[in-house]
Amino acid sequence: MRRFEKLAPGAGATAVALGLAAGALMLGASPAAAAVSAETAYVLNTFSFLVHGFLVMWMAAGFAMLESGLVRTKNTATICLKNIALYSLAGLLYYLLGYSLMYVDVGQFIGSFALLYNSSGAELALLNAEEATPELVAPVVENGYAVMSDWFFQMVFVATAASIVSGTLAERIKVWPFLIFVVVLTGVIYPIQGAWIWGGGWLSEIGFSDFAGSTVVHSVGGWAALTGAVILGARKGKYGPGGRVNVMPGANLPLATLGTFILWVGWFGFNGGSQLALGSALDATAMAIVYVNTNLGAAAGVVAAMALSQVLYKKIDLTMALNGAIAGLVSITAGPDLQNHLLAIVIGAIGGILVVIVVPLLDKLKIDDVVGAIPAHLVAGIWGTLAVGIFGDGDLGIQIVGILAVGAFASLASAALWLALKATIGIRVSEEDEELGLDMAELGMEAYPEFGHGSRTI
Amino acid sequence: MRRFEKLAPGAGATAVALGLAAGALMLGASPAAAAVSAETAYVLNTFSFLVHGFLVMWMAAGFAMLESGLVRTKNTATICLKNIALYSLAGLLYYLLGYSLMYVDVGQFIGSFALLYNSSGAELALLNAEEATPELVAPVVENGYAVMSDWFFQMVFVATAASIVSGTLAERIKVWPFLIFVVVLTGVIYPIQGAWIWGGGWLSEIGFSDFAGSTVVHSVGGWAALTGAVILGARKGKYGPGGRVNVMPGANLPLATLGTFILWVGWFGFNGGSQLALGSALDATAMAIVYVNTNLGAAAGVVAAMALSQVLYKKIDLTMALNGAIAGLVSITAGPDLQNHLLAIVIGAIGGILVVIVVPLLDKLKIDDVVGAIPAHLVAGIWGTLAVGIFGDGDLGIQIVGILAVGAFASLASAALWLALKATIGIRVSEEDEELGLDMAELGMEAYPEFGHGSRTI
Amino acid sequence: MRRFEKLAPGAGATAVALGLAAGALMLGASPAAAAVSAETAYVLNTFSFLVHGFLVMWMAAGFAMLESGLVRTKNTATICLKNIALYSLAGLLYYLLGYSLMYVDVGQFIGSFALLYNSSGAELALLNAEEATPELVAPVVENGYAVMSDWFFQMVFVATAASIVSGTLAERIKVWPFLIFVVVLTGVIYPIQGAWIWGGGWLSEIGFSDFAGSTVVHSVGGWAALTGAVILGARKGKYGPGGRVNVMPGANLPLATLGTFILWVGWFGFNGGSQLALGSALDATAMAIVYVNTNLGAAAGVVAAMALSQVLYKKIDLTMALNGAIAGLVSITAGPDLQNHLLAIVIGAIGGILVVIVVPLLDKLKIDDVVGAIPAHLVAGIWGTLAVGIFGDGDLGIQIVGILAVGAFASLASAALWLALKATIGIRVSEEDEELGLDMAELGMEAYPEFGHGSRTI
């Protein structure tokens with residue numbers, strides 16, 4: 001029997017401890033023997049940040065593969081470059097500037113402009129001592145986790161926000177202007193609204209609730225992408241006369257599928273790690289619930305998107321299924337701590353349905369979103385944030401205030417930046433370069449130099 | 001010196017604690033100070049389920065890539081869709097039905113039909129309390145792990161069983177009938193035999209031993225695949241007149257290689273997590289052994305398959321090496337707790353050899369297994385289960401009983417379901433659609449629309 | 001607020017414990033209640049080896065994808081095969097021979113020739129006992145970690161060293177001679193110099209410092225690759241008359257990008273796990289710093305390589321950016337424990353710059369390194385080892401001694417082995433086979449049988 005017998009050997013010892021513990025608890029004697037010690041909690045909290053942080057970092061590869069699979073071959077190397085470059089820049093900027101702005105000495109709207117972020121004095125004292133005495137360990141442990149583990153975990157979130165932008169604007173934006181946008185987004189724009197919500201600023205104070213970032217991360221990335229798409233314009237030939245929409249199919253769907261699976265596994269870090277602690281039974285229990293809801297939300301998003309695309313179009317669209325997974329994940333991200341798992345299924349399914357509805361709607365508006373990031377991240381992010389007010393413990397009115405405030409700030413700041421870049425160094429490649437493809441034009445190379453060019457090449 | 005000097009700073013503190021502990025243990029005084037506290041064990045057990053669970057979830061991506069690499073381009077998008085859809089459906093069905101049937105109130109053959117599965121009352125009381133009092137924590141901790149973390153870990157196993165089926169039946173099965181099969185397999189068939197072995201049913205009671213699922217997961221997926229392959233028939237043109245076997249080579253071998261590596265890394269979760277606990281020195285020690293045997297078994301499978309294919313065919317076949325890795329992994333899965341690691345090498349090597357022998361055998365029988373899942377999962381799964389009786393602590397007779405019982409049940413149930421589907425909505429695409437490829441026929445899209453079609457296209 | 005409020009529920013309990021702990025510490029009473037118990041430390045140390053070990057194992061997939069993406073299609077299946085085969089052989093050889101040579105009873109230069117490596121007697125006694133008594137647990141816990149978890153973690157490092165060689169020598173080396181080289185490299189050469197540094201040998205004694213293997217792993221792989229490249233010669237047609245260098249572009253750049261991301265995420269295991277312990281606040285704090293420096297070093301490598309390639313060539317070269325990431329990672333690997341994170345940025349950036357400078361330099365010397373492994377692993381490895389003497393707590397003179405000693409040993413041993421292989425079974429495929437491609441010549445298969453052959457095919 002898998003659940004009990006195999007636990008038996010270990011459970012033997014554990015059962016003894018439990019017996020002791022239970023006895024102790026009943027008698028009120030030395031409960032500390034059965035609890036998690038403070039230093040153990042510190043180690044577990046820190047390790048949770050590191051493990052979940054590397055999972056979220058891995059999502060950078062997911063976005064790179066998803067977008068590589070959904071662009072055309074002539075722009076594939078460029079999207080690869082953008083993805084590794086944006087992850088790199090996001091990390092550097094969040095170290096040099098963003099983290100302090102978001103988390104250090106935050107007032108109503110922003111934190112400090114202090115450059116850099118380092119281990120605490122207590123940590124350095126411990127690390128550099130001859131011996132780890134209890135007097136040196138105590139003040140470190142009192143913080144609850146290693147400060148740089150928190151930095152690492154928060155950093156990978158800002159990178160996710162930046163990743164969302166690159167997909168929407170693919171195939172026509174110049175590399176360097178895009179990277180300058182990333183610098184400002186990750187160094188300034190993201191941290192400011194982040195300070196409002198997660199840094200203890202005004203939205204936090206009025207009770208806005210966003211567990212792992214449907215709004216803070218996904219909607220913000222989505223707003224930056226949407227304003228960029230409007231200002232940059234559609235790809236040449238995407239929208240023909242008479243409302244005709246030309247399909248420009250992605251060149252490598254297995255890579256897009258791989259990217260979606262990477263995002264899915266990474267999301268256990270995104271949401272699970274956002275419990276922010278693992279040093280108690282309560283935290284471990286809550287984290288398990290978060291994992292389950294995350295998976296159910298994504299699964300429901302896939303099935304709903306597949307079913308609806310079958311009904312509407314009589315075909316199951318793979319890219320709809322993939323974006324259904326992402327939309328399900330984004331939808332559950334604001335409130336993955338729901339104790340009723342059926343609600344997670346409902347929330348994720350609605351996310352998947354939104355994708356199938358919004359993708360053609362954007363085409364009607366001639367907003368050219370190459371990978372479907374606006375429905376999957378912005379729309380599903382708004383939905384997920386609302387859902388916390390509907391099904392979870394948030395206040396719907398306050399959730400709407402937060403969505404609008406962050407939307408207004410992120411759109412205006414992004415639009416100002418896109419327009420400034422457009423007016424100065426320009427953001428769009430020339431028509432010839434777009435025709436030729438960004439890989440040859442900007443990088444001087446081909447992503448797949450040996451593969452022939454099939455009938456669907458445009 | 002890497003092993004001791006670098007441990008020194010931490011080891012300083014640890015050494016003190018160890019000294020204290022050893023002293024305490026010798027004197028018989030307060031051993032609890034040196035042991036793992038009950039709540040810490042709870043956290044570690046839960047975290048093990050979550051970490052190893054996300055590793056096994058990642059195997060879903062491995063199957064998707066392996067199968068994407070081994071089918072032809074015209075069926076690639078469909079196999080991607082099937083893989084993400086089956087993982088989603090498996091998770092939903094196992095939540096709605098399967099888990100209760102397998103683990104809740106199991107009698108001799110099945111558990112309960114109670115829909116849904118939720119956190120325990122004690123957990124909810126703790127989560128919803130104002131304060132985490134010892135009185136609230138104790139009953140939660142007594143369970144040993146968060147109940148939803150166990151659900152998560154068990155769920156990813158059922159998804160693995162379903163993944164095995166999709167590869168064998170690729171390139172000619174219709175999408176929706178396949179997904180209906182997945183619903184029944186993951187909601188009913190898998191949980192019933194799972195209840196026999198891991199849920200405490202009759203095979204568990206007579207002492208059948210399957211540590212991580214050579215039989216429960218891999219053979220069951222293999223039997224479902226085998227019956228499906230027989231009922232569905234071979235791909236058009238696969239078997240010519242006079243016993244001629246037409247090679248239909250996989251379109252993207254780097255993806256197949258990637259898939260194999262993903263499966264390999266995920267298998268540390270599959271086998272390592274199946275220790276089911278991490279809250280004691282005993283469990284951690286046992287888990288380390290499991291990791292080592294898992295790796296050695298896979299490595300031996302690769303080398304044996306390579307060497308044998310060199311001897312037999314004078315060439316090293318990459319797909320044989322990849323399936324050798326998988327067969328090595330499946331073979332060691334029933335008993336990865338062997339203390340003699342040389343035996344793990346022997347068991348894995350025999351698994352690799354079986355693949356090289358069985359692949360042409362299936363072709364002789366005109367059973368068309370597109371990716372080699374039957375040798376790698378079914379045959380190696382049987383071998384691994386037998387090996388526990390030969391080298392491990394299982395009884396060979398009882399192992400054979402279990403293999404036969406599960407084989408009979410899984411084959412008959414699968415066959416009945418395949419035949420019912422065939423008789424009603426049909427399971428096979430038309431000849432024209434098979435010729436055209438499932439991607440255009442069922443999805444209306446191409447996996448690689450821009451890549452040319454080379455000389456080996458069939 | 002993300003940092004404190006969400007911690008609140010758990011922090012409630014923790015705060016109580018901390019209060020108790022702090023009180024206890026102040027009073028000097030029973031500090032053990034607040035510290036990590038010895039058995040908990042054992043579990044955490046062991047789990048750190050396993051988690052970080054599977055991350056490093058995953059790097060094998062990263063090398064496979066990086067190299068698959070950077071070779072031409074006609075040699076892609078072969079490079080896939082080599083990568084899975086070398087990982088398998090490295091694991092087997094390190095079990096059968098290498099680990100003992102490197103870590104067991106090491107004198108000045110080598111350890112023991114004892115075959116195999118097993119759990120300790122104390123561990124086996126605990127595992128096989130009826131009951132886990134404190135008397136059985138204590139001697140296990142005293143070791144600090146499960147011995148096989150250490151073996152697992154060390155094993156994945158030797159596999160990394162072997163992976164480096166395959167990329168440089170791609171497209172013209174025969175499979176079996178390469179694999180024989182891997183057997184000797186991983187069974188003998190790597191362990192001997194490893195014993196000098198990490199096993200407690202002479203370089204360890206004089207104070208040579210290499211935290212996670214800039215020299216032990218990356219330079220050694222690099223020296224083996226460099227000597228191989230010189231003895232094997234360049235690919236046919238690579239260097240034309242008059243110093244002309246023919247570009248032979250990689251066939252699948254998204255795969256190369258994926259490979260780089262895999263290496264990056266795996267490197268958190270490589271460097272983070274090299275803290276070798278997680279059982280105290282000190283270790284967890286140090287590990288967090290290692291993660292941060294690892295990420296900043298890689299990010300700086302990418303940005304520096306991109307910027308320099310833009311300045312020098314007016315284009316951003318994707319492969320330079322990818323190799324910049326790897327060089328940044330290798331550079332920071334000798335000293336990722338720096339408390340000043342700006343130095344990590346500097347060190348990684350210099351690594352990225354070295355790649356852009358050394359790649360054309362090697363071409364000038366007609367040393368044909370297919371994937372750029374020599375600049376990224378050997379040159380950056382030397383730089384990273386020096387940096388510990390410049391910025392870290394190492395002695396620059398001693399670092400140079402270590403670099404020279406390991407370089408001399410690894411080069412001479414590798415060269416002797418390459419020459420012996422060349423003189424006996426030969427190491428290079430025939431001109432016809434090289435023209436045809438190794439996939440058809442050695443494996444009898446194609447990596448992408450259906451994709452057409454574009455204009456850049458050579």
# chains A, B, ... in the order shown; residues from 1 in each chain; ligands from 1

$ closest_atom_pairs --of "chain A" --to "chain C" --cutoff "6 Å" --atoms "only C-alpha atoms" --output "Markdown table"
| residue | atom | partner | partner_atom | distance |
| --- | --- | --- | --- | --- |
| A:Ala13 | CA | C:Ala132 | CA | 5.9 |
| A:Ser37 | CA | C:Ala34 | CA | 4.7 |
| A:Ala38 | CA | C:Ala34 | CA | 5.1 |
| A:Glu39 | CA | C:Ala35 | CA | 5.1 |
| A:Thr40 | CA | C:Val36 | CA | 5.1 |
| A:Val43 | CA | C:Ala284 | CA | 5.6 |
| A:Ala61 | CA | C:Phe261 | CA | 5.7 |
| A:Leu81 | CA | C:Leu318 | CA | 5.6 |
| A:Ser88 | CA | C:Ala299 | CA | 4.2 |
| A:Ala146 | CA | C:Thr285 | CA | 5.1 |
| A:Met148 | CA | C:Ala288 | CA | 5.5 |
| A:Ser149 | CA | C:Ala288 | CA | 4.9 |
| A:Ile197 | CA | C:Met1 | CA | 5.9 |
| A:Trp198 | CA | C:Met1 | CA | 4.1 |
| A:Gly199 | CA | C:Met1 | CA | 5.4 |
| A:Gly200 | CA | C:Met1 | CA | 4.5 |
| A:Ser204 | CA | C:Met1 | CA | 5.4 |
| A:Asp283 | CA | C:Gly10 | CA | 5.8 |
| A:Leu443 | CA | C:Lys315 | CA | 5.2 |
| A:Ala447 | CA | C:Leu253 | CA | 5.0 |
| A:Tyr448 | CA | C:Asn252 | CA | 5.0 |
| A:Pro449 | CA | C:Arg456 | CA | 5.5 |
| A:Glu450 | CA | C:Gly454 | CA | 4.2 |
| A:Phe451 | CA | C:Gly454 | CA | 4.9 |
| A:Gly452 | CA | C:Gly452 | CA | 4.3 |

$ residues_around --residues "Val388 in chain C" --least-positions-apart "5" --cutoff "10 Å" --atoms "only C-alpha atoms" --output "number ranges by chain"
C: 208-211, 331-338, 347, 383, 393-396, 399

$ atom_distance --atom1 "CA of Gly324 in chain B" --atom2 "CA of Ile231 in chain B"
26.7 Å

$ atom_distance --atom1 "CA of Leu124 in chain C" --atom2 "CA of Ala277 in chain B"
17.9 Å

$ closest_atom_pairs --of "range 292-393 of chain C" --to "range 170-177 of chain C" --cutoff "9 Å" --atoms "only C-alpha atoms" --output "JSON lines"
{"residue": "C:Asp369", "atom": "CA", "partner": "C:Ala170", "partner_atom": "CA", "distance": 8.2}
{"residue": "C:Val370", "atom": "CA", "partner": "C:Ala170", "partner_atom": "CA", "distance": 6.3}
{"residue": "C:Val371", "atom": "CA", "partner": "C:Ala170", "partner_atom": "CA", "distance": 8.3}

$ residues_around --residues "Lys422 in chain C" --least-positions-apart "4" --cutoff "9 Å" --atoms "only C-alpha atoms" --output "mmCIF file with C-alpha atoms, in the first residue's frame"
data_model
loop_
_atom_site.group_PDB
_atom_site.id
_atom_site.type_symbol
_atom_site.label_atom_id
_atom_site.label_comp_id
_atom_site.auth_asym_id
_atom_site.auth_seq_id
_atom_site.Cartn_x
_atom_site.Cartn_y
_atom_site.Cartn_z
ATOM 1 C CA PRO C 177 36.708 6.641 -30.058
ATOM 2 C CA ILE C 231 45.035 16.691 -32.807
ATOM 3 C CA LEU C 232 41.834 16.062 -34.742
ATOM 4 C CA LEU C 417 44.954 9.641 -24.941
ATOM 5 C CA TRP C 418 43.913 11.348 -28.170
ATOM 6 C CA GLY C 426 41.618 6.278 -35.447
ATOM 7 C CA ILE C 427 39.572 9.234 -34.298
ATOM 8 C CA ARG C 428 38.466 10.938 -37.477
#

$ select_by_dssp --residues "range 281-377 of chain C" --states "helix (DSSP H, G or I)" --output "NGL selection string"
:C and (281-313 or 318-333 or 341-364 or 373-377)
